[in-house]
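Dropping work-v4.txt in here (compact mmCIF, C-alpha atoms and all ligand atoms):
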# COMPACT_ATOMS: atom_id res chain seq x y z
CA MET A 1 0.00 0.00 0.00
CA LYS A 2 2.85 2.38 0.73
CA LYS A 3 3.61 2.64 -3.00
CA LEU A 4 0.13 4.05 -3.44
CA ILE A 5 0.95 7.09 -1.38
CA PRO A 6 2.96 10.05 -2.69
CA GLN A 7 6.09 10.60 -0.60
CA HIS A 8 5.07 14.06 0.63
CA ILE A 9 1.70 12.69 1.83
CA HIS A 10 3.32 9.71 3.50
CA SER A 11 5.58 11.94 5.56
CA LEU A 12 2.75 14.23 6.74
CA LYS A 13 2.05 14.54 10.43
CA PRO A 14 -1.69 15.10 10.90
CA TYR A 15 -2.55 18.58 12.19
CA LYS A 16 -3.28 18.43 15.90
CA SER A 17 -6.26 20.69 16.45
CA ALA A 18 -7.40 21.66 19.94
CA ARG A 19 -10.23 19.13 19.50
CA SER A 20 -8.21 16.25 18.14
CA ILE A 21 -5.71 16.34 21.02
CA GLY A 22 -8.66 14.95 22.97
CA LEU A 23 -8.07 16.35 26.45
CA ASN A 24 -11.20 16.39 28.59
CA GLY A 25 -12.03 18.95 31.22
CA ARG A 26 -14.62 21.29 32.69
CA ILE A 27 -13.37 24.49 31.10
CA TYR A 28 -12.03 24.72 27.56
CA LEU A 29 -9.63 27.61 27.06
CA ASN A 30 -7.63 25.95 24.30
CA ALA A 31 -9.23 26.85 20.95
CA ASN A 32 -9.89 30.60 21.19
CA GLU A 33 -13.60 29.99 20.81
CA SER A 34 -16.19 32.32 22.27
CA PRO A 35 -17.47 30.98 25.61
CA TRP A 36 -21.00 31.84 24.44
CA THR A 37 -22.84 30.22 21.56
CA ASN A 38 -24.25 32.68 19.05
CA ALA A 39 -27.81 33.74 19.93
CA VAL A 40 -29.33 32.83 16.54
CA LYS A 41 -32.01 30.14 16.34
CA TYR A 42 -32.37 27.96 13.29
CA ILE A 43 -35.25 25.95 11.87
CA HIS A 44 -34.80 24.31 8.47
CA ASN A 45 -37.41 23.76 5.77
CA ASN A 46 -35.42 23.76 2.54
CA LEU A 47 -32.89 20.96 2.72
CA ASN A 48 -34.23 19.02 -0.29
CA ARG A 49 -32.58 21.55 -2.61
CA TYR A 50 -28.88 22.09 -3.30
CA PRO A 51 -27.58 25.34 -1.87
CA GLU A 52 -26.57 28.33 -3.96
CA PHE A 53 -22.87 28.29 -4.95
CA GLN A 54 -22.60 31.50 -2.92
CA SER A 55 -25.56 32.70 -0.91
CA PHE A 56 -26.54 36.06 -2.38
CA LYS A 57 -28.07 37.15 0.91
CA LEU A 58 -25.03 36.18 2.96
CA LEU A 59 -22.70 38.00 0.57
CA LYS A 60 -24.88 41.08 0.96
CA LYS A 61 -24.86 40.81 4.76
CA TYR A 62 -21.10 40.34 5.01
CA SER A 63 -20.61 43.14 2.52
CA GLN A 64 -22.54 45.47 4.85
CA TYR A 65 -20.60 44.23 7.88
CA SER A 66 -17.17 44.54 6.28
CA ASN A 67 -17.84 47.61 4.17
CA ILE A 68 -16.63 46.04 0.94
CA SER A 69 -18.56 45.29 -2.22
CA SER A 70 -20.13 41.81 -2.36
CA ASN A 71 -18.34 40.84 -5.59
CA GLN A 72 -15.10 41.15 -3.61
CA ILE A 73 -16.17 38.42 -1.17
CA LEU A 74 -16.03 34.63 -1.35
CA ILE A 75 -17.74 32.48 1.30
CA THR A 76 -15.67 29.46 2.39
CA ARG A 77 -15.88 26.56 4.83
CA GLY A 78 -14.07 28.46 7.53
CA ALA A 79 -10.95 30.55 7.08
CA ASP A 80 -9.05 27.25 6.95
CA GLU A 81 -10.58 26.46 3.58
CA GLY A 82 -9.56 29.94 2.45
CA ILE A 83 -5.94 29.23 3.40
CA GLU A 84 -6.04 26.01 1.37
CA LEU A 85 -8.00 27.40 -1.59
CA LEU A 86 -5.38 30.09 -2.16
CA VAL A 87 -2.59 27.49 -2.31
CA ARG A 88 -4.64 25.24 -4.61
CA THR A 89 -5.40 28.14 -6.92
CA PHE A 90 -2.07 29.92 -7.14
CA CYS A 91 0.69 27.39 -6.42
CA LEU A 92 2.20 24.67 -8.58
CA PRO A 93 3.21 21.66 -6.42
CA GLY A 94 6.92 20.98 -6.22
CA ASN A 95 7.79 24.31 -7.73
CA ASP A 96 6.20 27.29 -6.02
CA CYS A 97 6.79 28.59 -2.53
CA ILE A 98 4.90 30.43 0.17
CA MET A 99 6.25 32.56 3.03
CA PHE A 100 5.12 32.98 6.62
CA PHE A 101 6.48 34.23 9.91
CA THR A 102 6.87 32.00 12.95
CA PRO A 103 5.64 31.47 15.58
CA THR A 104 2.23 31.65 13.90
CA TYR A 105 -0.89 29.67 13.01
CA ASP A 106 0.10 26.12 11.98
CA MET A 107 -2.22 25.72 9.00
CA TYR A 108 0.00 27.70 6.61
CA SER A 109 2.71 25.10 7.09
CA VAL A 110 0.27 22.15 7.11
CA VAL A 111 -1.36 23.19 3.84
CA SER A 112 1.97 23.77 2.08
CA ASP A 113 3.10 20.29 3.15
CA ILE A 114 -0.11 18.69 1.85
CA PHE A 115 0.29 20.32 -1.56
CA ASN A 116 4.05 19.85 -1.70
CA ILE A 117 4.74 23.59 -1.79
CA LYS A 118 8.05 24.98 -0.55
CA LYS A 119 8.03 27.02 2.65
CA ILE A 120 10.14 30.08 3.30
CA ILE A 121 9.93 30.72 7.01
CA VAL A 122 11.12 34.04 8.40
CA PRO A 123 11.08 34.04 12.22
CA LEU A 124 9.55 37.05 13.95
CA LEU A 125 11.85 39.39 15.88
CA PRO A 126 12.11 38.78 19.67
CA ASN A 127 9.39 41.43 20.18
CA PHE A 128 7.16 39.38 17.81
CA GLN A 129 7.26 42.07 15.12
CA LEU A 130 8.14 41.50 11.45
CA ASP A 131 11.77 41.16 10.38
CA ILE A 132 11.39 43.39 7.33
CA LYS A 133 15.09 43.22 6.38
CA ASN A 134 15.01 39.42 6.18
CA ILE A 135 11.63 39.38 4.46
CA ARG A 136 12.96 41.73 1.79
CA LYS A 137 15.99 39.47 1.26
CA LYS A 138 13.97 36.26 0.91
CA ILE A 139 10.92 37.50 -0.95
CA GLY A 140 12.34 36.41 -4.35
CA ASN A 141 9.77 34.31 -6.18
CA VAL A 142 7.37 33.70 -3.30
CA LYS A 143 3.79 33.29 -4.57
CA LEU A 144 1.87 33.78 -1.34
CA ILE A 145 2.74 35.44 1.94
CA TYR A 146 0.57 34.49 4.94
CA LEU A 147 0.44 37.07 7.71
CA CYS A 148 -1.75 36.41 10.73
CA ASN A 149 -2.83 39.79 12.15
CA PRO A 150 -3.37 39.86 15.09
CA ASN A 151 -1.03 36.90 15.31
CA ASN A 152 -1.94 33.53 16.79
CA PRO A 153 -0.46 32.37 19.23
CA THR A 154 1.42 35.54 20.22
CA GLY A 155 -1.66 37.79 20.35
CA ASN A 156 -0.03 40.96 19.04
CA LEU A 157 -0.85 43.16 16.07
CA PHE A 158 1.89 43.93 13.58
CA LEU A 159 2.92 47.52 12.96
CA GLN A 160 0.71 48.92 10.22
CA THR A 161 3.74 50.66 8.70
CA ASP A 162 5.51 47.26 8.39
CA ILE A 163 2.53 45.69 6.63
CA ILE A 164 2.33 48.61 4.23
CA LYS A 165 6.07 48.20 3.66
CA ILE A 166 5.58 44.55 2.66
CA LEU A 167 2.77 45.55 0.32
CA SER A 168 4.96 48.15 -1.31
CA ILE A 169 8.02 45.89 -1.82
CA ILE A 170 6.33 42.74 -3.13
CA PRO A 171 6.09 42.25 -6.89
CA SER A 172 2.66 42.12 -8.51
CA THR A 173 3.12 38.33 -8.82
CA THR A 174 3.06 37.89 -5.03
CA LEU A 175 -0.07 38.00 -2.89
CA LEU A 176 -0.10 39.17 0.70
CA ILE A 177 -2.78 37.26 2.62
CA ILE A 178 -3.72 38.80 5.94
CA ASP A 179 -5.49 36.32 8.20
CA GLU A 180 -7.83 38.47 10.29
CA ALA A 181 -9.43 35.63 12.29
CA TYR A 182 -9.15 37.74 15.48
CA ILE A 183 -9.59 41.21 14.02
CA ASP A 184 -13.11 41.60 15.51
CA TYR A 185 -11.34 42.17 18.86
CA SER A 186 -9.48 45.19 17.45
CA ILE A 187 -11.54 45.99 14.38
CA GLN A 188 -10.05 49.44 13.82
CA TYR A 189 -6.82 47.75 12.66
CA SER A 190 -8.40 45.80 9.81
CA PHE A 191 -6.76 46.17 6.40
CA ILE A 192 -10.08 45.93 4.57
CA SER A 193 -9.96 49.61 3.67
CA GLU A 194 -6.66 48.95 1.82
CA LEU A 195 -8.19 46.33 -0.51
CA ASN A 196 -8.96 48.85 -3.20
CA ARG A 197 -5.50 50.42 -3.00
CA PHE A 198 -3.39 47.24 -3.25
CA LYS A 199 -4.28 44.79 -6.03
CA ASN A 200 -2.37 41.88 -4.48
CA LEU A 201 -3.90 42.01 -1.03
CA VAL A 202 -6.18 39.22 0.25
CA ILE A 203 -7.93 39.15 3.63
CA LEU A 204 -9.30 36.11 5.48
CA ARG A 205 -12.15 36.38 7.97
CA THR A 206 -14.19 33.90 9.99
CA LEU A 207 -17.33 33.58 12.11
CA SER A 208 -15.55 30.99 14.26
CA LYS A 209 -14.05 33.27 16.87
CA ALA A 210 -15.77 36.49 17.99
CA PHE A 211 -19.10 35.47 16.43
CA GLY A 212 -19.24 32.28 18.48
CA LEU A 213 -19.94 30.08 15.45
CA SER A 214 -16.98 27.68 15.21
CA GLY A 215 -19.50 24.87 14.80
CA ILE A 216 -20.88 26.03 11.46
CA ARG A 217 -17.53 26.39 9.63
CA CYS A 218 -18.05 29.69 7.84
CA GLY A 219 -15.33 32.06 6.66
CA PHE A 220 -14.71 34.64 3.97
CA ILE A 221 -12.01 35.61 1.50
CA LEU A 222 -11.97 39.31 0.64
CA SER A 223 -9.92 40.66 -2.25
CA THR A 224 -10.22 42.23 -5.69
CA VAL A 225 -13.01 41.12 -8.04
CA TYR A 226 -10.31 39.65 -10.27
CA ILE A 227 -8.85 37.37 -7.59
CA ILE A 228 -12.27 36.38 -6.21
CA ASP A 229 -13.36 35.34 -9.72
CA ILE A 230 -10.25 33.16 -10.14
CA LEU A 231 -10.87 31.50 -6.77
CA LYS A 232 -14.46 30.73 -7.80
CA LYS A 233 -13.13 28.48 -10.57
CA VAL A 234 -11.43 26.25 -8.00
CA LEU A 235 -14.01 26.19 -5.18
CA ALA A 236 -16.32 23.15 -5.05
CA PRO A 237 -19.75 23.49 -6.74
CA TYR A 238 -21.90 23.52 -3.59
CA PRO A 239 -19.41 24.48 -0.90
CA ILE A 240 -21.61 26.03 1.75
CA PRO A 241 -24.45 23.95 3.26
CA THR A 242 -27.80 25.78 3.42
CA PRO A 243 -28.01 25.69 7.25
CA VAL A 244 -24.57 27.31 7.41
CA SER A 245 -25.57 30.20 5.15
CA ASP A 246 -28.91 30.61 6.91
CA ILE A 247 -27.33 30.78 10.38
CA ALA A 248 -24.56 33.08 9.13
CA ILE A 249 -27.13 35.46 7.59
CA LYS A 250 -29.01 35.65 10.87
CA SER A 251 -25.80 36.21 12.82
CA LEU A 252 -25.11 39.27 10.68
CA GLN A 253 -28.41 40.99 11.44
CA LEU A 254 -27.87 44.25 13.27
CA LYS A 255 -29.60 43.03 16.42
CA ASN A 256 -27.28 40.05 16.62
CA ILE A 257 -24.13 41.99 15.70
CA LYS A 258 -24.87 44.17 18.72
CA ILE A 259 -24.88 41.07 20.95
CA VAL A 260 -21.59 39.93 19.41
CA GLN A 261 -20.10 43.37 20.07
CA LYS A 262 -21.28 43.25 23.66
CA ASN A 263 -19.64 39.83 24.02
CA ILE A 264 -16.42 41.19 22.54
CA SER A 265 -16.25 44.01 25.08
CA GLN A 266 -17.03 41.54 27.88
CA ILE A 267 -14.13 39.34 26.74
CA LEU A 268 -11.81 42.35 26.69
CA LYS A 269 -12.91 43.25 30.24
CA ASN A 270 -12.39 39.67 31.41
CA LYS A 271 -8.95 39.65 29.83
CA PHE A 272 -7.98 42.81 31.70
CA PHE A 273 -9.38 41.36 34.96
CA LEU A 274 -7.50 38.09 34.53
CA ILE A 275 -4.19 39.79 33.70
CA GLU A 276 -4.46 42.15 36.69
CA LYS A 277 -5.08 39.23 39.05
CA ILE A 278 -2.29 36.93 37.88
CA LYS A 279 0.45 39.24 36.59
CA SER A 280 2.38 39.23 39.87
CA PHE A 281 2.19 35.44 40.36
CA SER A 282 5.63 34.00 40.88
CA CYS A 283 5.07 31.10 38.47
CA ILE A 284 4.69 33.62 35.64
CA LYS A 285 7.67 35.06 33.84
CA ASN A 286 5.81 37.23 31.34
CA ILE A 287 2.32 37.89 29.98
CA PHE A 288 2.60 39.08 26.41
CA SER A 289 0.37 41.95 25.39
CA SER A 290 -2.66 40.80 23.44
CA GLN A 291 -5.15 42.39 21.04
CA THR A 292 -7.23 39.22 20.90
CA ASN A 293 -9.42 36.90 22.97
CA PHE A 294 -6.42 34.93 24.24
CA ILE A 295 -3.19 35.57 26.07
CA LEU A 296 0.21 33.99 25.69
CA ILE A 297 1.96 33.49 29.01
CA LYS A 298 5.56 32.51 29.63
CA PHE A 299 5.84 30.49 32.83
CA PHE A 300 8.94 29.30 34.64
CA GLN A 301 7.73 25.70 34.37
CA SER A 302 4.91 25.55 31.82
CA LYS A 303 4.70 21.73 31.76
CA LYS A 304 3.88 21.64 35.47
CA VAL A 305 1.29 24.41 35.14
CA PHE A 306 -0.26 22.72 32.10
CA GLN A 307 -0.64 19.40 33.96
CA TYR A 308 -1.88 21.11 37.12
CA LEU A 309 -4.57 22.92 35.11
CA ILE A 310 -5.67 19.64 33.48
CA LEU A 311 -5.80 18.02 36.92
CA HIS A 312 -8.28 20.75 37.92
CA GLY A 313 -10.30 20.49 34.72
CA VAL A 314 -8.95 23.46 32.77
CA ILE A 315 -7.66 22.80 29.26
CA VAL A 316 -5.31 25.36 27.71
CA ARG A 317 -3.01 25.15 24.67
CA ASP A 318 0.62 24.19 25.06
CA GLN A 319 2.89 26.26 22.81
CA SER A 320 6.18 25.36 24.46
CA HIS A 321 7.37 23.22 21.52
CA LYS A 322 7.45 26.23 19.20
CA LEU A 323 10.60 28.14 18.39
CA GLY A 324 10.94 31.09 20.76
CA LEU A 325 7.96 30.01 22.88
CA GLU A 326 9.68 27.76 25.41
CA ASN A 327 7.54 27.51 28.58
CA CYS A 328 4.61 29.29 26.92
CA LEU A 329 0.93 28.43 27.23
CA ARG A 330 -1.87 30.06 25.27
CA ILE A 331 -5.03 30.68 27.26
CA SER A 332 -8.34 31.71 25.69
CA ILE A 333 -10.40 34.24 27.61
CA GLY A 334 -13.61 32.68 28.93
CA THR A 335 -16.55 33.94 30.98
CA ILE A 336 -15.82 35.87 34.15
CA ASN A 337 -16.52 32.74 36.20
CA GLU A 338 -14.10 30.74 34.09
CA CYS A 339 -11.48 33.46 34.60
CA LYS A 340 -12.06 33.39 38.37
CA ASP A 341 -11.81 29.61 38.37
CA LEU A 342 -8.50 29.82 36.50
CA ILE A 343 -7.20 32.47 38.90
CA ASN A 344 -8.07 30.24 41.88
CA ILE A 345 -6.35 27.22 40.39
CA LEU A 346 -3.25 29.22 39.52
CA SER A 347 -3.11 30.67 43.01
CA MET A 348 -3.40 27.15 44.46
CA PHE A 349 -0.46 26.22 42.24
CA GLU A 350 1.40 29.20 43.73
CA GLY A 351 0.58 28.03 47.25
CA LYS A 352 1.69 24.51 46.49
CA LYS A 353 5.12 25.75 45.54
CA ILE A 354 5.78 27.70 48.74
C1 LIG B 401 -9.02 29.73 14.29
C2 LIG B 401 -8.21 30.26 13.18
C3 LIG B 401 -8.54 30.04 11.86
C4 LIG B 401 -9.60 29.04 11.48
O1 LIG B 401 -10.78 29.63 11.25
P1 LIG B 401 -12.00 28.73 10.75
O2 LIG B 401 -12.87 29.76 10.13
O3 LIG B 401 -12.59 28.11 11.96
O4 LIG B 401 -11.47 27.75 9.76
C5 LIG B 401 -7.82 30.64 10.87
N1 LIG B 401 -6.77 31.42 11.17
C6 LIG B 401 -6.39 31.64 12.44
C7 LIG B 401 -5.23 32.50 12.72
C8 LIG B 401 -7.09 31.04 13.49
O5 LIG B 401 -6.67 31.20 14.74

As structure tokens, the full file:
Amino acid sequence: MKKLIPQHIHSLKPYKSARSIGLNGRIYLNANESPWTNAVKYIHNNLNRYPEFQSFKLLKKYSQYSNISSNQILITRGADEGIELLVRTFCLPGNDCIMFFTPTYDMYSVVSDIFNIKKIIVPLLPNFQLDIKNIRKKIGNVKLIYLCNPNNPTGNLFLQTDIIKILSIIPSTTLLIIDEAYIDYSIQYSFISELNRFKNLVILRTLSKAFGLSGIRCGFILSTVYIIDILKKVLAPYPIPTPVSDIAIKSLQLKNIKIVQKNISQILKNKFFLIEKIKSFSCIKNIFSSQTNFILIKFFQSKKVFQYLILHGVIVRDQSHKLGLENCLRISIGTINECKDLINILSMFEGKKI
């Protein structure tokens, strides 16, 4: 059977998502989900028919939300499909290469491995900002650049001037893809308004995080009409199930957007509360500043903290295997009660040490 499998597929290591790791607990702070399900209710009556290729109504709704024309939007099965669709559309296996900046979201690397695309990895500077000098040097014939802004798992935004710099030095044959999965937590820093200025800019969005809809798998690619039309040639014929579009449409009604915005400000408050309570704990070396619904924390002994949290039913995401993130855990911000629970467990851990 081994002969059946292309070498680059055979050597793949399956992506370990927060779910597939399979840890069980009381409180899940490991996947940057919203702690609240979206308020929309859904009753179906139309599932005997195939869905539209792209729901006209959903395009219109997301166009209103993102302030970009609906022919510049493509609906995808989560932002993850967007990441993959761009590689499938623009890269020739074995030949082309993509660039990204580590530590960052793992899917850029996973997708390039699946499609046998070369990776040019430029590490972030120690302050987690972009190493523009090195990027400039290595940009060569890179087809796609993936930039996660704000970045996962570090939580920071990149300097707008640096992003503009990248856009101004890349050739017209290179696309800059800004993954804005967490931008709803700092929406004023979105690059959407630059889409009509830069012809090789692509933006990824999702309803999985701030909108509390990870379960429906709905994301968006935003770009020029030209690029969106090319991507449409590669996307599957009926990509978005009707219930997904219907729920997404409802979630983008003004009344519901207001609830989402209220949840966002609650998460930001909870984040501030949590940081204030734990920042002087002696097990913590550093809490990195975050513009998102999660925080990256450097501990003195992250493995022990990670296990202690599991023992008390709290699941967070271990990042300590990543370059530059030794002893780091990523913790999603939950409800205020979940934050208090976490604070109590961490302070018990403190007590245990004394
Ligand atoms: C969670 C996440 C995604 C995945 O979004 P889906 O819409 O659920 O596929 C994409 N990019 C980043 C940076 C993420 O953290």

>> Around ligand LIG 401 (chain B), which protein and nucleic acid residues have at least one atom no more than 8 Å from it, if we count only C-alpha atoms and all ligand atoms? List them as a PyMOL selection string.
In response: chain A and resi 31-33+77-83+104-105+107+148-153+179-182+204-209+214+217-219

Generate a file of the selected residues that holds C-alpha atoms, formatted as a short mmCIF file (atom, residue, chain, number, x, y, z; two decimals), in the frame of the given file.
data_model
loop_
_atom_site.label_atom_id
_atom_site.label_comp_id
_atom_site.auth_asym_id
_atom_site.auth_seq_id
_atom_site.Cartn_x
_atom_site.Cartn_y
_atom_site.Cartn_z
CA ALA A 31 -9.23 26.85 20.95
CA ASN A 32 -9.89 30.60 21.19
CA GLU A 33 -13.60 29.99 20.81
CA ARG A 77 -15.88 26.56 4.83
CA GLY A 78 -14.07 28.46 7.53
CA ALA A 79 -10.95 30.55 7.08
CA ASP A 80 -9.05 27.25 6.95
CA GLU A 81 -10.58 26.46 3.58
CA GLY A 82 -9.56 29.94 2.45
CA ILE A 83 -5.94 29.23 3.40
CA THR A 104 2.23 31.65 13.90
CA TYR A 105 -0.89 29.67 13.01
CA MET A 107 -2.22 25.72 9.00
CA CYS A 148 -1.75 36.41 10.73
CA ASN A 149 -2.83 39.79 12.15
CA PRO A 150 -3.37 39.86 15.09
CA ASN A 151 -1.03 36.90 15.31
CA ASN A 152 -1.94 33.53 16.79
CA PRO A 153 -0.46 32.37 19.23
CA ASP A 179 -5.49 36.32 8.20
CA GLU A 180 -7.83 38.47 10.29
CA ALA A 181 -9.43 35.63 12.29
CA TYR A 182 -9.15 37.74 15.48
CA LEU A 204 -9.30 36.11 5.48
CA ARG A 205 -12.15 36.38 7.97
CA THR A 206 -14.19 33.90 9.99
CA LEU A 207 -17.33 33.58 12.11
CA SER A 208 -15.55 30.99 14.26
CA LYS A 209 -14.05 33.27 16.87
CA SER A 214 -16.98 27.68 15.21
CA ARG A 217 -17.53 26.39 9.63
CA CYS A 218 -18.05 29.69 7.84
CA GLY A 219 -15.33 32.06 6.66
#

> Around (-11.5, 40.2, -2.1) in the file's own coordinates, what residues are found within 9 Å if you use all atoms listed in the file, given back as number ranges by chain?
Replying inline: A: 68-74, 192, 195, 201-204, 220-228

> Got a sec: who's within 10 Å of stretch 134-137 of chain A, counting only C-alpha atoms, leaving out chain neighbours fewer than 4 positions off, as a list of chain:residue names?
Replying inline: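 Contacts, with the query itself left out: A:Met99, A:Phe100, A:Phe101, A:Ile120, A:Ile121, A:Val122, A:Pro123, A:Leu124, A:Leu130, A:Lys165, A:Ile166, A:Ile169, A:Ile170.
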
> So which residues touch stretch 6-14 of chain A within 9 Å, counting all atoms listed in the file, skipping near sequence neighbours fewer than 3 positions away, as JSON, numbers by chain?
Replying inline: {"A": [2, 3, 110, 113, 114, 115, 116]}

> What is the distance between atom CA of A:Leu231 and atom CA of A:Pro171, in Å to one decimal?
Replying inline: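 Going from atom CA of A:Leu231 over to atom CA of A:Pro171 covers 20.1 Å.
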
>> Please list as a ChimeraX atom specification every residue within 8 Å of stretch 42-53 of chain A, counting all atoms listed in the file and excluding residues in the same chain fewer than 2 positions away.
In response: /A:40,55-56,237-243,246-247

> Between A:Gly140, A:Leu274, A:Gly324, A:Ser290, which is the closest to A:Leu125 once you count all atoms listed in the file?
Replying inline: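 Ranked by minimum distance to A:Leu125, first place goes to A:Gly324.
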
>> So that I can check the surroundings of stretch 279-284 of chain A, please list as a ChimeraX atom specification every protein, DNA and RNA residue that reaches within 7 Å of it, counting only C-alpha atoms and ignoring chain neighbours fewer than 5 positions away.
In response: /A:298-300,350

Save out the residues we just selected, C-alpha atoms, as a PDB file, in the frame of the given file.
ATOM      1  CA  LYS A 298       5.560  32.510  29.630  1.00  0.00           C
ATOM      2  CA  PHE A 299       5.840  30.490  32.830  1.00  0.00           C
ATOM      3  CA  PHE A 300       8.940  29.300  34.640  1.00  0.00           C
ATOM      4  CA  GLU A 350       1.400  29.200  43.730  1.00  0.00           C
TER       5      GLU A 350
END

>> Between atom CA of A:Met348 and atom CA of A:His321, what is the distance in Å, rounded to a tenth?
In response: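 It comes out at 25.6 Å.
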
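Between atom CA of A:Val87 and atom CA of A:Ser172 the separation is 16.7 Å.
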
Dump of stretch 100-113 of chain A from preceding block, N, CA, C and O atoms, as a PDB file, in the first residue's frame:
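Okay, this is what ended up in result-v8.pdb:
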ATOM      1  N   PHE A 100       5.846  32.559   5.417  1.00  0.00           N
ATOM      2  CA  PHE A 100       5.122  32.978   6.617  1.00  0.00           C
ATOM      3  C   PHE A 100       6.109  33.193   7.755  1.00  0.00           C
ATOM      4  O   PHE A 100       7.305  32.923   7.608  1.00  0.00           O
ATOM      5  N   PHE A 101       5.615  33.707   8.856  1.00  0.00           N
ATOM      6  CA  PHE A 101       6.476  34.234   9.912  1.00  0.00           C
ATOM      7  C   PHE A 101       6.167  33.551  11.235  1.00  0.00           C
ATOM      8  O   PHE A 101       5.061  33.684  11.755  1.00  0.00           O
ATOM      9  N   THR A 102       7.132  32.820  11.763  1.00  0.00           N
ATOM     10  CA  THR A 102       6.871  32.002  12.953  1.00  0.00           C
ATOM     11  C   THR A 102       7.352  32.689  14.231  1.00  0.00           C
ATOM     12  O   THR A 102       8.309  33.448  14.190  1.00  0.00           O
ATOM     13  N   PRO A 103       6.757  32.385  15.392  1.00  0.00           N
ATOM     14  CA  PRO A 103       5.640  31.466  15.576  1.00  0.00           C
ATOM     15  C   PRO A 103       4.325  32.061  15.059  1.00  0.00           C
ATOM     16  O   PRO A 103       4.052  33.237  15.272  1.00  0.00           O
ATOM     17  N   THR A 104       3.539  31.203  14.389  1.00  0.00           N
ATOM     18  CA  THR A 104       2.230  31.648  13.899  1.00  0.00           C
ATOM     19  C   THR A 104       1.279  30.464  13.796  1.00  0.00           C
ATOM     20  O   THR A 104       1.594  29.350  14.243  1.00  0.00           O
ATOM     21  N   TYR A 105       0.131  30.702  13.189  1.00  0.00           N
ATOM     22  CA  TYR A 105      -0.888  29.671  13.007  1.00  0.00           C
ATOM     23  C   TYR A 105      -0.322  28.518  12.169  1.00  0.00           C
ATOM     24  O   TYR A 105       0.302  28.754  11.133  1.00  0.00           O
ATOM     25  N   ASP A 106      -0.546  27.274  12.614  1.00  0.00           N
ATOM     26  CA  ASP A 106       0.097  26.122  11.985  1.00  0.00           C
ATOM     27  C   ASP A 106      -0.407  25.772  10.588  1.00  0.00           C
ATOM     28  O   ASP A 106       0.274  25.094   9.833  1.00  0.00           O
ATOM     29  N   MET A 107      -1.625  26.208  10.257  1.00  0.00           N
ATOM     30  CA  MET A 107      -2.219  25.719   9.000  1.00  0.00           C
ATOM     31  C   MET A 107      -1.467  26.161   7.739  1.00  0.00           C
ATOM     32  O   MET A 107      -1.556  25.495   6.714  1.00  0.00           O
ATOM     33  N   TYR A 108      -0.745  27.277   7.814  1.00  0.00           N
ATOM     34  CA  TYR A 108       0.004  27.703   6.614  1.00  0.00           C
ATOM     35  C   TYR A 108       1.041  26.648   6.262  1.00  0.00           C
ATOM     36  O   TYR A 108       1.208  26.282   5.090  1.00  0.00           O
ATOM     37  N   SER A 109       1.693  26.130   7.291  1.00  0.00           N
ATOM     38  CA  SER A 109       2.705  25.097   7.089  1.00  0.00           C
ATOM     39  C   SER A 109       2.056  23.765   6.692  1.00  0.00           C
ATOM     40  O   SER A 109       2.509  23.087   5.764  1.00  0.00           O
ATOM     41  N   VAL A 110       0.968  23.414   7.381  1.00  0.00           N
ATOM     42  CA  VAL A 110       0.271  22.149   7.112  1.00  0.00           C
ATOM     43  C   VAL A 110      -0.191  22.080   5.658  1.00  0.00           C
ATOM     44  O   VAL A 110       0.039  21.094   4.949  1.00  0.00           O
ATOM     45  N   VAL A 111      -0.818  23.168   5.196  1.00  0.00           N
ATOM     46  CA  VAL A 111      -1.356  23.187   3.836  1.00  0.00           C
ATOM     47  C   VAL A 111      -0.220  23.116   2.809  1.00  0.00           C
ATOM     48  O   VAL A 111      -0.327  22.399   1.807  1.00  0.00           O
ATOM     49  N   SER A 112       0.876  23.813   3.051  1.00  0.00           N
ATOM     50  CA  SER A 112       1.965  23.765   2.077  1.00  0.00           C
ATOM     51  C   SER A 112       2.569  22.365   2.014  1.00  0.00           C
ATOM     52  O   SER A 112       2.957  21.904   0.934  1.00  0.00           O
ATOM     53  N   ASP A 113       2.604  21.675   3.157  1.00  0.00           N
ATOM     54  CA  ASP A 113       3.101  20.290   3.146  1.00  0.00           C
ATOM     55  C   ASP A 113       2.165  19.365   2.360  1.00  0.00           C
ATOM     56  O   ASP A 113       2.611  18.514   1.601  1.00  0.00           O
TER      57      ASP A 113
END
